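> I am sharing entry_26.cif, which consists of mmCIF, C-alpha atoms:
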```cif
data_protein
#
loop_
_atom_site.group_PDB
_atom_site.id
_atom_site.type_symbol
_atom_site.label_atom_id
_atom_site.label_comp_id
_atom_site.auth_asym_id
_atom_site.auth_seq_id
_atom_site.Cartn_x
_atom_site.Cartn_y
_atom_site.Cartn_z
ATOM 1 C CA MET A 745 -17.957 -13.293 -2.164
ATOM 2 C CA ILE A 746 -14.272 -12.867 -2.972
ATOM 3 C CA GLU A 747 -11.868 -13.473 -0.103
ATOM 4 C CA LYS A 748 -8.146 -12.913 0.113
ATOM 5 C CA ILE A 749 -7.507 -16.678 0.186
ATOM 6 C CA HIS A 750 -9.191 -17.085 -3.217
ATOM 7 C CA LEU A 751 -6.774 -14.596 -4.771
ATOM 8 C CA SER A 752 -3.820 -16.256 -3.052
ATOM 9 C CA ILE A 753 -4.865 -19.682 -4.354
ATOM 10 C CA LEU A 754 -5.054 -18.525 -7.964
ATOM 11 C CA GLN A 755 -1.726 -16.719 -7.680
ATOM 12 C CA GLU A 756 0.031 -19.788 -6.235
ATOM 13 C CA ILE A 757 -1.517 -22.115 -8.833
ATOM 14 C CA SER A 758 -0.243 -19.778 -11.549
ATOM 15 C CA ARG A 759 3.226 -19.757 -9.998
ATOM 16 C CA SER A 760 3.550 -23.478 -9.226
ATOM 17 C CA GLY A 761 1.319 -25.005 -11.889
ATOM 18 C CA SER A 762 -0.270 -27.622 -9.614
ATOM 19 C CA LEU A 763 -2.857 -27.882 -6.846
ATOM 20 C CA THR A 764 -0.523 -29.884 -4.617
ATOM 21 C CA ALA A 765 2.286 -27.325 -4.724
ATOM 22 C CA ALA A 766 -0.129 -24.424 -4.222
ATOM 23 C CA ALA A 767 -1.773 -26.141 -1.259
ATOM 24 C CA GLY A 768 1.610 -26.775 0.364
ATOM 25 C CA LYS A 769 2.669 -23.162 -0.129
ATOM 26 C CA LEU A 770 -0.534 -21.893 1.448
ATOM 27 C CA HIS A 771 -0.500 -24.499 4.281
ATOM 28 C CA LEU A 772 -3.801 -26.006 3.106
ATOM 29 C CA THR A 773 -4.827 -29.527 2.247
ATOM 30 C CA GLN A 774 -5.490 -30.086 -1.448
ATOM 31 C CA SER A 775 -9.120 -30.916 -0.705
ATOM 32 C CA ALA A 776 -9.591 -27.693 1.308
ATOM 33 C CA LEU A 777 -8.087 -25.687 -1.549
ATOM 34 C CA SER A 778 -10.320 -27.343 -4.144
ATOM 35 C CA HIS A 779 -13.406 -26.943 -1.948
ATOM 36 C CA SER A 780 -12.702 -23.233 -1.462
ATOM 37 C CA ILE A 781 -12.460 -22.557 -5.201
ATOM 38 C CA LYS A 782 -15.454 -24.807 -6.019
ATOM 39 C CA LYS A 783 -17.585 -22.857 -3.561
ATOM 40 C CA LEU A 784 -16.476 -19.576 -5.166
ATOM 41 C CA GLU A 785 -17.271 -20.959 -8.633
ATOM 42 C CA GLN A 786 -20.765 -21.911 -7.469
ATOM 43 C CA GLN A 787 -21.339 -18.445 -6.048
ATOM 44 C CA ALA A 788 -19.941 -16.701 -9.140
ATOM 45 C CA GLY A 789 -21.698 -19.047 -11.562
ATOM 46 C CA THR A 790 -18.594 -19.632 -13.691
ATOM 47 C CA ARG A 791 -15.545 -21.915 -13.801
ATOM 48 C CA LEU A 792 -12.182 -20.493 -12.825
ATOM 49 C CA TRP A 793 -9.979 -23.344 -13.983
ATOM 50 C CA LEU A 794 -10.084 -26.591 -15.918
ATOM 51 C CA LYS A 795 -7.910 -29.666 -15.498
ATOM 52 C CA ASP A 796 -5.831 -30.526 -18.540
ATOM 53 C CA GLY A 797 -4.310 -33.866 -17.608
ATOM 54 C CA ARG A 798 -2.045 -33.104 -14.682
ATOM 55 C CA ASN A 799 -1.983 -29.419 -15.500
ATOM 56 C CA ILE A 800 -4.346 -26.638 -14.478
ATOM 57 C CA ARG A 801 -5.626 -24.248 -17.131
ATOM 58 C CA LEU A 802 -7.310 -21.047 -16.007
ATOM 59 C CA THR A 803 -10.487 -20.017 -17.753
ATOM 60 C CA GLU A 804 -11.072 -16.473 -18.981
ATOM 61 C CA ALA A 805 -12.728 -15.695 -15.636
ATOM 62 C CA GLY A 806 -9.804 -17.306 -13.814
ATOM 63 C CA ASN A 807 -7.274 -15.223 -15.748
ATOM 64 C CA TYR A 808 -9.239 -12.088 -14.919
ATOM 65 C CA LEU A 809 -9.216 -13.005 -11.238
ATOM 66 C CA LEU A 810 -5.470 -13.756 -11.433
ATOM 67 C CA GLU A 811 -4.835 -10.258 -12.811
ATOM 68 C CA GLN A 812 -6.776 -8.802 -9.891
ATOM 69 C CA ALA A 813 -4.867 -11.025 -7.453
ATOM 70 C CA ASN A 814 -1.516 -9.743 -8.757
ATOM 71 C CA ARG A 815 -2.741 -6.180 -8.322
ATOM 72 C CA LEU A 816 -4.543 -6.494 -4.996
ATOM 73 C CA LEU A 817 -2.439 -8.922 -2.951
ATOM 74 C CA PRO A 818 0.567 -6.553 -2.663
ATOM 75 C CA GLN A 819 -1.881 -3.925 -1.348
ATOM 76 C CA PHE A 820 -3.181 -6.407 1.224
ATOM 77 C CA GLU A 821 0.403 -7.090 2.281
ATOM 78 C CA ARG A 822 1.047 -3.376 2.769
ATOM 79 C CA ILE A 823 -2.166 -3.107 4.786
ATOM 80 C CA ASP A 824 -1.101 -6.035 6.982
ATOM 81 C CA ASP A 825 2.361 -4.508 7.491
ATOM 82 C CA THR A 826 0.881 -1.130 8.375
ATOM 83 C CA LEU A 827 -1.524 -2.665 10.893
ATOM 84 C CA ARG A 828 1.381 -4.550 12.485
ATOM 85 C CA GLN A 829 3.283 -1.261 12.739
ATOM 86 C CA PHE A 830 0.302 0.397 14.393
ATOM 87 C CA ALA A 831 0.004 -2.529 16.799
ATOM 88 C CA SER A 832 3.676 -2.234 17.763
ATOM 89 C CA ASN A 833 3.493 1.599 17.930
ATOM 90 C CA GLU A 834 5.895 1.966 15.013
ATOM 91 C CA LYS A 835 3.508 3.998 12.874
ATOM 92 C CA GLY A 836 1.024 6.806 13.265
ATOM 93 C CA SER A 837 0.797 10.560 13.536
ATOM 94 C CA LEU A 838 0.798 13.176 16.266
ATOM 95 C CA ARG A 839 -1.100 16.408 15.655
ATOM 96 C CA ILE A 840 0.020 19.153 18.004
ATOM 97 C CA GLY A 841 -1.876 22.366 18.696
ATOM 98 C CA MET A 842 0.061 25.409 19.932
ATOM 99 C CA GLU A 843 -1.462 28.105 22.146
ATOM 100 C CA CYS A 844 1.946 29.407 23.149
ATOM 101 C CA HIS A 845 3.471 31.671 20.491
ATOM 102 C CA PRO A 846 6.983 31.902 21.978
ATOM 103 C CA CYS A 847 7.124 28.130 22.589
ATOM 104 C CA TYR A 848 7.761 27.226 18.965
ATOM 105 C CA GLN A 849 11.544 27.225 19.423
ATOM 106 C CA TRP A 850 11.133 24.993 22.469
ATOM 107 C CA LEU A 851 8.868 22.654 20.513
ATOM 108 C CA LEU A 852 11.622 22.096 17.947
ATOM 109 C CA THR A 853 13.933 20.806 20.690
ATOM 110 C CA VAL A 854 11.313 18.157 21.516
ATOM 111 C CA VAL A 855 10.279 17.291 17.952
ATOM 112 C CA GLN A 856 13.805 16.426 16.829
ATOM 113 C CA PRO A 857 14.434 13.623 19.376
ATOM 114 C CA PHE A 858 10.799 12.463 19.073
ATOM 115 C CA LEU A 859 11.171 11.917 15.325
ATOM 116 C CA ALA A 860 14.493 10.169 15.892
ATOM 117 C CA GLN A 861 12.866 7.756 18.359
ATOM 118 C CA SER A 862 9.682 7.307 16.301
ATOM 119 C CA PRO A 863 10.713 6.657 12.675
ATOM 120 C CA GLY A 864 7.199 5.713 11.565
ATOM 121 C CA VAL A 865 5.351 8.565 13.268
ATOM 122 C CA ASP A 866 4.651 11.885 11.543
ATOM 123 C CA ILE A 867 4.128 15.226 13.313
ATOM 124 C CA ASP A 868 1.910 18.139 12.310
ATOM 125 C CA VAL A 869 1.691 21.445 14.202
ATOM 126 C CA LYS A 870 -1.379 23.678 14.143
ATOM 127 C CA GLN A 871 -1.273 27.231 15.504
ATOM 128 C CA ARG A 872 -4.552 28.596 14.183
ATOM 129 C CA PHE A 873 -7.841 27.167 15.408
ATOM 130 C CA GLN A 874 -11.294 28.008 14.143
ATOM 131 C CA PHE A 875 -12.848 27.644 17.580
ATOM 132 C CA GLY A 876 -9.807 27.547 19.880
ATOM 133 C CA GLY A 877 -7.376 24.881 21.011
ATOM 134 C CA MET A 878 -9.687 23.175 23.501
ATOM 135 C CA ALA A 879 -12.386 22.773 20.861
ATOM 136 C CA ALA A 880 -9.793 21.312 18.483
ATOM 137 C CA LEU A 881 -8.790 18.802 21.169
ATOM 138 C CA PHE A 882 -12.409 17.837 21.916
ATOM 139 C CA ASN A 883 -13.193 17.504 18.195
ATOM 140 C CA TYR A 884 -10.179 15.239 17.509
ATOM 141 C CA ASP A 885 -8.589 17.846 15.202
ATOM 142 C CA ILE A 886 -5.419 17.632 17.322
ATOM 143 C CA ASP A 887 -3.963 15.038 19.700
ATOM 144 C CA LEU A 888 -1.996 17.373 21.977
ATOM 145 C CA LEU A 889 -2.496 20.971 23.072
ATOM 146 C CA ILE A 890 0.479 22.987 24.287
ATOM 147 C CA THR A 891 -0.637 25.934 26.391
ATOM 148 C CA PRO A 892 0.438 28.035 29.394
ATOM 149 C CA ASP A 893 -3.214 28.447 30.417
ATOM 150 C CA PRO A 894 -4.943 25.075 30.828
ATOM 151 C CA ILE A 895 -8.717 24.955 31.127
ATOM 152 C CA GLN A 896 -9.712 22.082 33.397
ATOM 153 C CA LYS A 897 -12.282 19.804 31.750
ATOM 154 C CA GLU A 898 -13.454 16.374 32.815
ATOM 155 C CA ARG A 899 -12.300 14.570 29.672
ATOM 156 C CA ILE A 900 -8.964 16.378 29.305
ATOM 157 C CA VAL A 901 -5.698 15.780 31.158
ATOM 158 C CA PHE A 902 -3.129 18.578 31.442
ATOM 159 C CA GLU A 903 0.411 17.731 32.495
ATOM 160 C CA PRO A 904 2.937 20.447 33.383
ATOM 161 C CA VAL A 905 6.093 19.860 31.338
ATOM 162 C CA PHE A 906 8.313 22.769 32.350
ATOM 163 C CA PRO A 907 8.242 25.941 34.448
ATOM 164 C CA TYR A 908 9.317 29.354 33.246
ATOM 165 C CA GLU A 909 9.396 32.967 34.381
ATOM 166 C CA LEU A 910 7.780 35.683 32.302
ATOM 167 C CA VAL A 911 10.157 38.659 32.075
ATOM 168 C CA LEU A 912 10.255 42.085 30.465
ATOM 169 C CA VAL A 913 12.610 42.453 27.502
ATOM 170 C CA VAL A 914 13.900 45.944 26.736
ATOM 171 C CA SER A 915 16.559 47.492 24.520
ATOM 172 C CA LEU A 916 19.980 48.126 26.035
ATOM 173 C CA HIS A 917 19.301 51.750 25.038
ATOM 174 C CA SER A 918 16.045 51.893 27.018
ATOM 175 C CA LYS A 919 15.902 53.935 30.205
ATOM 176 C CA LEU A 920 14.687 50.726 31.891
ATOM 177 C CA SER A 921 17.820 48.771 30.960
ATOM 178 C CA GLY A 922 19.924 47.787 33.925
ATOM 179 C CA LEU A 923 17.032 47.580 36.373
ATOM 180 C CA SER A 924 16.661 44.353 38.322
ATOM 181 C CA LYS A 925 12.871 44.696 38.354
ATOM 182 C CA VAL A 926 10.112 46.978 37.068
ATOM 183 C CA THR A 927 6.786 48.133 38.471
ATOM 184 C CA PRO A 928 3.566 48.381 36.443
ATOM 185 C CA ALA A 929 3.737 52.183 36.630
ATOM 186 C CA GLN A 930 7.112 52.157 34.889
ATOM 187 C CA LEU A 931 5.428 50.785 31.750
ATOM 188 C CA SER A 932 2.893 53.596 31.537
ATOM 189 C CA ASP A 933 5.084 55.524 29.078
ATOM 190 C CA GLN A 934 6.183 52.455 27.104
ATOM 191 C CA VAL A 935 5.004 50.862 23.855
ATOM 192 C CA LEU A 936 4.124 47.251 24.681
ATOM 193 C CA LEU A 937 4.625 44.727 21.890
ATOM 194 C CA THR A 938 2.750 41.422 22.133
ATOM 195 C CA TYR A 939 1.535 38.577 19.970
ATOM 196 C CA PRO A 940 -1.935 39.006 18.408
ATOM 197 C CA VAL A 941 -3.753 37.500 21.404
ATOM 198 C CA GLU A 942 -6.618 39.166 23.259
ATOM 199 C CA SER A 943 -5.512 41.044 26.382
ATOM 200 C CA ALA A 944 -7.626 38.746 28.560
ATOM 201 C CA ARG A 945 -5.174 35.939 27.766
ATOM 202 C CA LEU A 946 -1.952 37.922 28.131
ATOM 203 C CA ASP A 947 -0.264 37.512 31.527
ATOM 204 C CA ILE A 948 1.483 40.868 31.263
ATOM 205 C CA PHE A 949 -1.985 42.449 31.439
ATOM 206 C CA GLN A 950 -3.830 40.022 33.702
ATOM 207 C CA GLN A 951 -1.115 39.392 36.281
ATOM 208 C CA PHE A 952 0.877 42.622 36.172
ATOM 209 C CA LEU A 953 -0.705 45.730 34.664
ATOM 210 C CA LEU A 954 -4.446 45.427 35.328
ATOM 211 C CA PRO A 955 -4.198 44.491 39.044
ATOM 212 C CA ALA A 956 -2.228 47.733 39.495
ATOM 213 C CA GLN A 957 -4.696 49.630 37.280
ATOM 214 C CA CYS A 958 -1.908 50.586 34.884
ATOM 215 C CA MET A 959 -1.737 50.497 31.109
ATOM 216 C CA PRO A 960 1.094 51.036 28.642
ATOM 217 C CA LYS A 961 1.217 54.167 26.519
ATOM 218 C CA LEU A 962 0.480 52.033 23.449
ATOM 219 C CA HIS A 963 -0.192 48.359 22.759
ATOM 220 C CA LYS A 964 0.911 46.928 19.402
ATOM 221 C CA THR A 965 0.661 43.352 18.172
ATOM 222 C CA LEU A 966 3.093 41.487 15.929
ATOM 223 C CA GLU A 967 3.004 37.843 14.887
ATOM 224 C CA ALA A 968 6.667 36.854 14.604
ATOM 225 C CA THR A 969 8.968 36.444 17.609
ATOM 226 C CA ASP A 970 12.005 37.526 15.577
ATOM 227 C CA ILE A 971 10.315 40.764 14.498
ATOM 228 C CA ILE A 972 9.150 41.562 18.033
ATOM 229 C CA LEU A 973 12.694 41.179 19.364
ATOM 230 C CA GLN A 974 14.160 43.195 16.509
ATOM 231 C CA MET A 975 11.708 45.998 17.330
ATOM 232 C CA VAL A 976 12.675 45.803 20.998
ATOM 233 C CA ALA A 977 16.384 45.847 20.125
ATOM 234 C CA ALA A 978 15.766 49.014 18.077
ATOM 235 C CA ASN A 979 14.147 50.586 21.163
ATOM 236 C CA ARG A 980 10.724 50.718 19.465
ATOM 237 C CA GLY A 981 8.985 49.084 22.420
ATOM 238 C CA VAL A 982 9.197 46.481 25.177
ATOM 239 C CA THR A 983 7.795 42.978 25.363
ATOM 240 C CA ALA A 984 7.157 40.150 27.830
ATOM 241 C CA MET A 985 8.553 36.698 27.070
ATOM 242 C CA PRO A 986 9.688 33.527 28.814
ATOM 243 C CA LYS A 987 13.066 34.142 30.418
ATOM 244 C CA TRP A 988 14.740 31.189 28.700
ATOM 245 C CA LEU A 989 13.754 32.538 25.289
ATOM 246 C CA ALA A 990 14.700 36.121 26.109
ATOM 247 C CA LEU A 991 18.140 35.045 27.317
ATOM 248 C CA GLU A 992 18.681 33.088 24.109
ATOM 249 C CA TYR A 993 17.949 36.180 22.005
ATOM 250 C CA ALA A 994 20.084 38.330 24.317
ATOM 251 C CA LYS A 995 23.128 36.410 23.078
ATOM 252 C CA SER A 996 22.799 38.012 19.639
ATOM 253 C CA LEU A 997 20.654 41.139 20.162
ATOM 254 C CA PRO A 998 21.239 44.259 22.301
ATOM 255 C CA VAL A 999 18.413 43.531 24.748
ATOM 256 C CA ASP A 1000 18.131 43.337 28.518
ATOM 257 C CA VAL A 1001 15.975 41.051 30.681
ATOM 258 C CA ILE A 1002 14.145 42.484 33.709
ATOM 259 C CA ARG A 1003 11.944 40.823 36.361
ATOM 260 C CA LEU A 1004 8.279 41.844 36.453
ATOM 261 C CA GLY A 1005 7.544 43.016 39.992
ATOM 262 C CA ASP A 1006 9.171 41.942 43.222
ATOM 263 C CA SER A 1007 8.513 38.200 42.885
ATOM 264 C CA GLY A 1008 8.248 37.838 39.111
ATOM 265 C CA ILE A 1009 5.533 36.063 37.140
ATOM 266 C CA HIS A 1010 6.037 32.313 37.222
ATOM 267 C CA LYS A 1011 4.214 29.999 34.827
ATOM 268 C CA HIS A 1012 4.193 26.436 33.479
ATOM 269 C CA ILE A 1013 3.812 25.075 29.998
ATOM 270 C CA TYR A 1014 1.235 22.293 29.937
ATOM 271 C CA VAL A 1015 0.530 19.512 27.477
ATOM 272 C CA GLY A 1016 -3.133 18.566 27.291
ATOM 273 C CA TYR A 1017 -4.618 15.400 25.815
ATOM 274 C CA ARG A 1018 -7.859 13.440 25.917
ATOM 275 C CA LYS A 1019 -8.114 11.262 29.024
ATOM 276 C CA GLN A 1020 -8.962 8.202 26.933
ATOM 277 C CA GLU A 1021 -5.522 8.522 25.254
ATOM 278 C CA LYS A 1022 -3.609 8.337 28.532
ATOM 279 C CA HIS A 1023 -1.834 5.141 27.449
ATOM 280 C CA ASN A 1024 -1.083 6.294 23.890
ATOM 281 C CA SER A 1025 2.639 5.566 23.568
ATOM 282 C CA HIS A 1026 3.261 8.419 21.100
ATOM 283 C CA ILE A 1027 1.722 10.958 23.475
ATOM 284 C CA GLN A 1028 3.578 9.631 26.508
ATOM 285 C CA ARG A 1029 6.872 9.588 24.609
ATOM 286 C CA PHE A 1030 6.367 13.203 23.585
ATOM 287 C CA ILE A 1031 5.528 14.275 27.160
ATOM 288 C CA ALA A 1032 8.577 12.458 28.544
ATOM 289 C CA LEU A 1033 10.825 14.249 26.055
ATOM 290 C CA ALA A 1034 9.133 17.576 26.807
ATOM 291 C CA LYS A 1035 9.806 17.151 30.528
ATOM 292 C CA SER A 1036 13.445 16.253 29.913
ATOM 293 C CA SER A 1037 14.036 19.169 27.532
ATOM 294 C CA ASP A 1038 16.923 21.350 28.731
ATOM 295 C CA THR A 1039 15.577 24.514 27.042
ATOM 296 C CA HIS A 1040 14.300 25.834 30.339
#
```
Any chance you could put this one into structure tokens?

Amino acid sequence: MIEKIHLSILQEISRSGSLTAAAGKLHLTQSALSHSIKKLEQQAGTRLWLKDGRNIRLTEAGNYLLEQANRLLPQFERIDDTLRQFASNEKGSLRIGMECHPCYQWLLTVVQPFLAQSPGVDIDVKQRFQFGGMAALFNYDIDLLITPDPIQKERIVFEPVFPYELVLVVSLHSKLSGLSKVTPAQLSDQVLLTYPVESARLDIFQQFLLPAQCMPKLHKTLEATDIILQMVAANRGVTAMPKWLALEYAKSLPVDVIRLGDSGIHKHIYVGYRKQEKHNSHIQRFIALAKSSDTH
């Protein structure tokens, strides 16, 4: 029954004091304005205003509706502004899922320029998924999935954003320090430190150790990159990490970086998103920044 124009009419009549002035302000004819309110009065079954000579006097019902107009119209204006911002891609949110533990530092180098270029867009990062990153993407819990191991699905697009080499990181006091490369057998007496991810998804196992039927002396898991590298620096174990990240830590910690095997293990970080969102400007802006990142 109540429409936005009804509230606007009562507000303008209250401000200007006449039907003519209110009609002009709202770009209506006086007859259209009067007809609109008369129709509302018929539907509501009560008068909203009375004419007192040349003046307009609101009834009790009219004053009630005016109070609601003063409260609700600013909210309508904010809604209109927000919709305009969405339409012009100036507002929104980007929910990012991470399946790459050591990529968090890289992500920060992308988030900073993204936020600078997208003042109305918020970012949220999720690293723990109840049913995995792909399920989160399918269920609209996230908008982007960052992973080194894309799973090809019909409704999902994965774009490679940067390449990296997985390397072994050891203490400068380790007997392996100084080597240009290591073999799987050389890790058989080492403590291997990794993130808390199942071995089936760890490249150091799947692409290096298991094909050679080798295993480390002990496998320990730790959650924090800083702690893993501190443990390595203290010669409590070795770890596998992207070369760019290992070299960054090597600037401040006594660690060495060694190639895994003769050719090394070469990977890509991918950004996955739902195919229907291919033209989402926020997603494409993020991917463009990710590809131009100089971290790698």
> Since I can't run it myself right now, could you work out what the PyMOL selection byres ((chain A and resi 793-795) around 12) selects here and report it as an MDAnalysis selection string?
chainID A and resid 753:754 757:758 761:763 778 781:782 784:785 790:792 796:810
> Could you write those residues out with C-alpha atoms, as a compact mmCIF listing (two decimals), keeping the file's coordinate frame?

```
# COMPACT_ATOMS: atom_id res chain seq x y z
CA ILE A 753 -4.86 -19.68 -4.35
CA LEU A 754 -5.05 -18.52 -7.96
CA ILE A 757 -1.52 -22.12 -8.83
CA SER A 758 -0.24 -19.78 -11.55
CA GLY A 761 1.32 -25.00 -11.89
CA SER A 762 -0.27 -27.62 -9.61
CA LEU A 763 -2.86 -27.88 -6.85
CA SER A 778 -10.32 -27.34 -4.14
CA ILE A 781 -12.46 -22.56 -5.20
CA LYS A 782 -15.45 -24.81 -6.02
CA LEU A 784 -16.48 -19.58 -5.17
CA GLU A 785 -17.27 -20.96 -8.63
CA THR A 790 -18.59 -19.63 -13.69
CA ARG A 791 -15.54 -21.92 -13.80
CA LEU A 792 -12.18 -20.49 -12.82
CA ASP A 796 -5.83 -30.53 -18.54
CA GLY A 797 -4.31 -33.87 -17.61
CA ARG A 798 -2.04 -33.10 -14.68
CA ASN A 799 -1.98 -29.42 -15.50
CA ILE A 800 -4.35 -26.64 -14.48
CA ARG A 801 -5.63 -24.25 -17.13
CA LEU A 802 -7.31 -21.05 -16.01
CA THR A 803 -10.49 -20.02 -17.75
CA GLU A 804 -11.07 -16.47 -18.98
CA ALA A 805 -12.73 -15.70 -15.64
CA GLY A 806 -9.80 -17.31 -13.81
CA ASN A 807 -7.27 -15.22 -15.75
CA TYR A 808 -9.24 -12.09 -14.92
CA LEU A 809 -9.22 -13.00 -11.24
CA LEU A 810 -5.47 -13.76 -11.43
```
> Going by the chain IDs and residue numbers used in this file, which residues fall under the PyMOL selection byres ((chain A and resi 908) around 7)? Write them as a compact mmCIF listing (two decimals) with C-alpha atoms, in the coordinates of the input.

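New file selection-v3.txt:
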```txt
# COMPACT_ATOMS: atom_id res chain seq x y z
CA PHE A 906 8.31 22.77 32.35
CA PRO A 907 8.24 25.94 34.45
CA GLU A 909 9.40 32.97 34.38
CA LEU A 910 7.78 35.68 32.30
CA PRO A 986 9.69 33.53 28.81
CA LYS A 987 13.07 34.14 30.42
CA HIS A 1010 6.04 32.31 37.22
CA LYS A 1011 4.21 30.00 34.83
CA HIS A 1012 4.19 26.44 33.48
CA HIS A 1040 14.30 25.83 30.34
```
> So that I can check the surroundings of region 975-978 of chain A, please list as a PDB file with C-alpha atoms, keeping the file's coordinate frame every protein, DNA and RNA residue that reaches within 10 Å of it, counting only C-alpha atoms and ignoring chain neighbours fewer than 3 positions away.

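Generated output (out_30.pdb):
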```
ATOM      1  CA  VAL A 913      12.610  42.453  27.502  1.00  0.00           C
ATOM      2  CA  VAL A 914      13.900  45.944  26.736  1.00  0.00           C
ATOM      3  CA  SER A 915      16.559  47.492  24.520  1.00  0.00           C
ATOM      4  CA  LEU A 916      19.980  48.126  26.035  1.00  0.00           C
ATOM      5  CA  HIS A 917      19.301  51.750  25.038  1.00  0.00           C
ATOM      6  CA  SER A 918      16.045  51.893  27.018  1.00  0.00           C
ATOM      7  CA  VAL A 935       5.004  50.862  23.855  1.00  0.00           C
ATOM      8  CA  LEU A 936       4.124  47.251  24.681  1.00  0.00           C
ATOM      9  CA  LEU A 937       4.625  44.727  21.890  1.00  0.00           C
ATOM     10  CA  LEU A 966       3.093  41.487  15.929  1.00  0.00           C
ATOM     11  CA  THR A 969       8.968  36.444  17.609  1.00  0.00           C
ATOM     12  CA  ASP A 970      12.005  37.526  15.577  1.00  0.00           C
ATOM     13  CA  ILE A 971      10.315  40.764  14.498  1.00  0.00           C
ATOM     14  CA  ILE A 972       9.150  41.562  18.033  1.00  0.00           C
ATOM     15  CA  GLY A 981       8.985  49.084  22.420  1.00  0.00           C
ATOM     16  CA  VAL A 982       9.197  46.481  25.177  1.00  0.00           C
ATOM     17  CA  THR A 983       7.795  42.978  25.363  1.00  0.00           C
ATOM     18  CA  TYR A 993      17.949  36.180  22.005  1.00  0.00           C
ATOM     19  CA  ALA A 994      20.084  38.330  24.317  1.00  0.00           C
ATOM     20  CA  LEU A 997      20.654  41.139  20.162  1.00  0.00           C
ATOM     21  CA  PRO A 998      21.239  44.259  22.301  1.00  0.00           C
ATOM     22  CA  VAL A 999      18.413  43.531  24.748  1.00  0.00           C
ATOM     23  CA  ASP A1000      18.131  43.337  28.518  1.00  0.00           C
TER      24      ASP A1000
END
```
> Please compute the CA of Ala984 (chain A)-CA of Ile948 (chain A) distance, one decimal, in Å.
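Taking CA of Ala984 (chain A) as the start and CA of Ile948 (chain A) as the end point, the length is 6.7 Å.
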> So, with only C-alpha atoms as the atoms that count, which of A:Ala813, A:Ile890, A:Ala1034, A:Ala860 lies closest to Ile840 (chain A)?
A:Ile890
> Take CA of Ala944 (chain A) and CA of Val905 (chain A) and report the distance between them in Å, one decimal.
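Between CA of Ala944 (chain A) and CA of Val905 (chain A) the gap is 23.5 Å.
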> What's around region 1013-1023 of chain A at 12 Å? Count all atoms listed in the file, leave out sequence neighbours fewer than 4 positions away in its own chain, and write the answer as a PyMOL selection string.
chain A and resi 833+838-848+850-851+877-910+986+1027-1035+1040
> Got a sec to resolve the PyMOL selection byres ((chain A and resi 745) around 10) on this structure and send the residues as a list in words?
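Against this file, the PyMOL selection byres ((chain A and resi 745) around 10) returns the residues Ile746, Glu747, His750, Lys783, Leu784, Gln787 and Ala788 of chain A.
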> Rounded to one decimal, what separation in Å do you get between CA of Leu954 (chain A) and CA of Ala929 (chain A)?
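Between these atoms lies a distance of 10.7 Å.
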> Rank nothing, just name the residue among A:Val911, A:Arg822, A:Asp947, A:Pro960 nearest to Asp933 (chain A), using all atoms listed in the file.
A:Pro960
> For each of A:Arg945, A:Lys925, A:Arg980, A:His1026, take the minimum atom-to-atom distance to Val1001 (chain A), counting only C-alpha atoms, then give the residue where this is smallest.
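Closest residue, counting only C-alpha atoms: A:Lys925.
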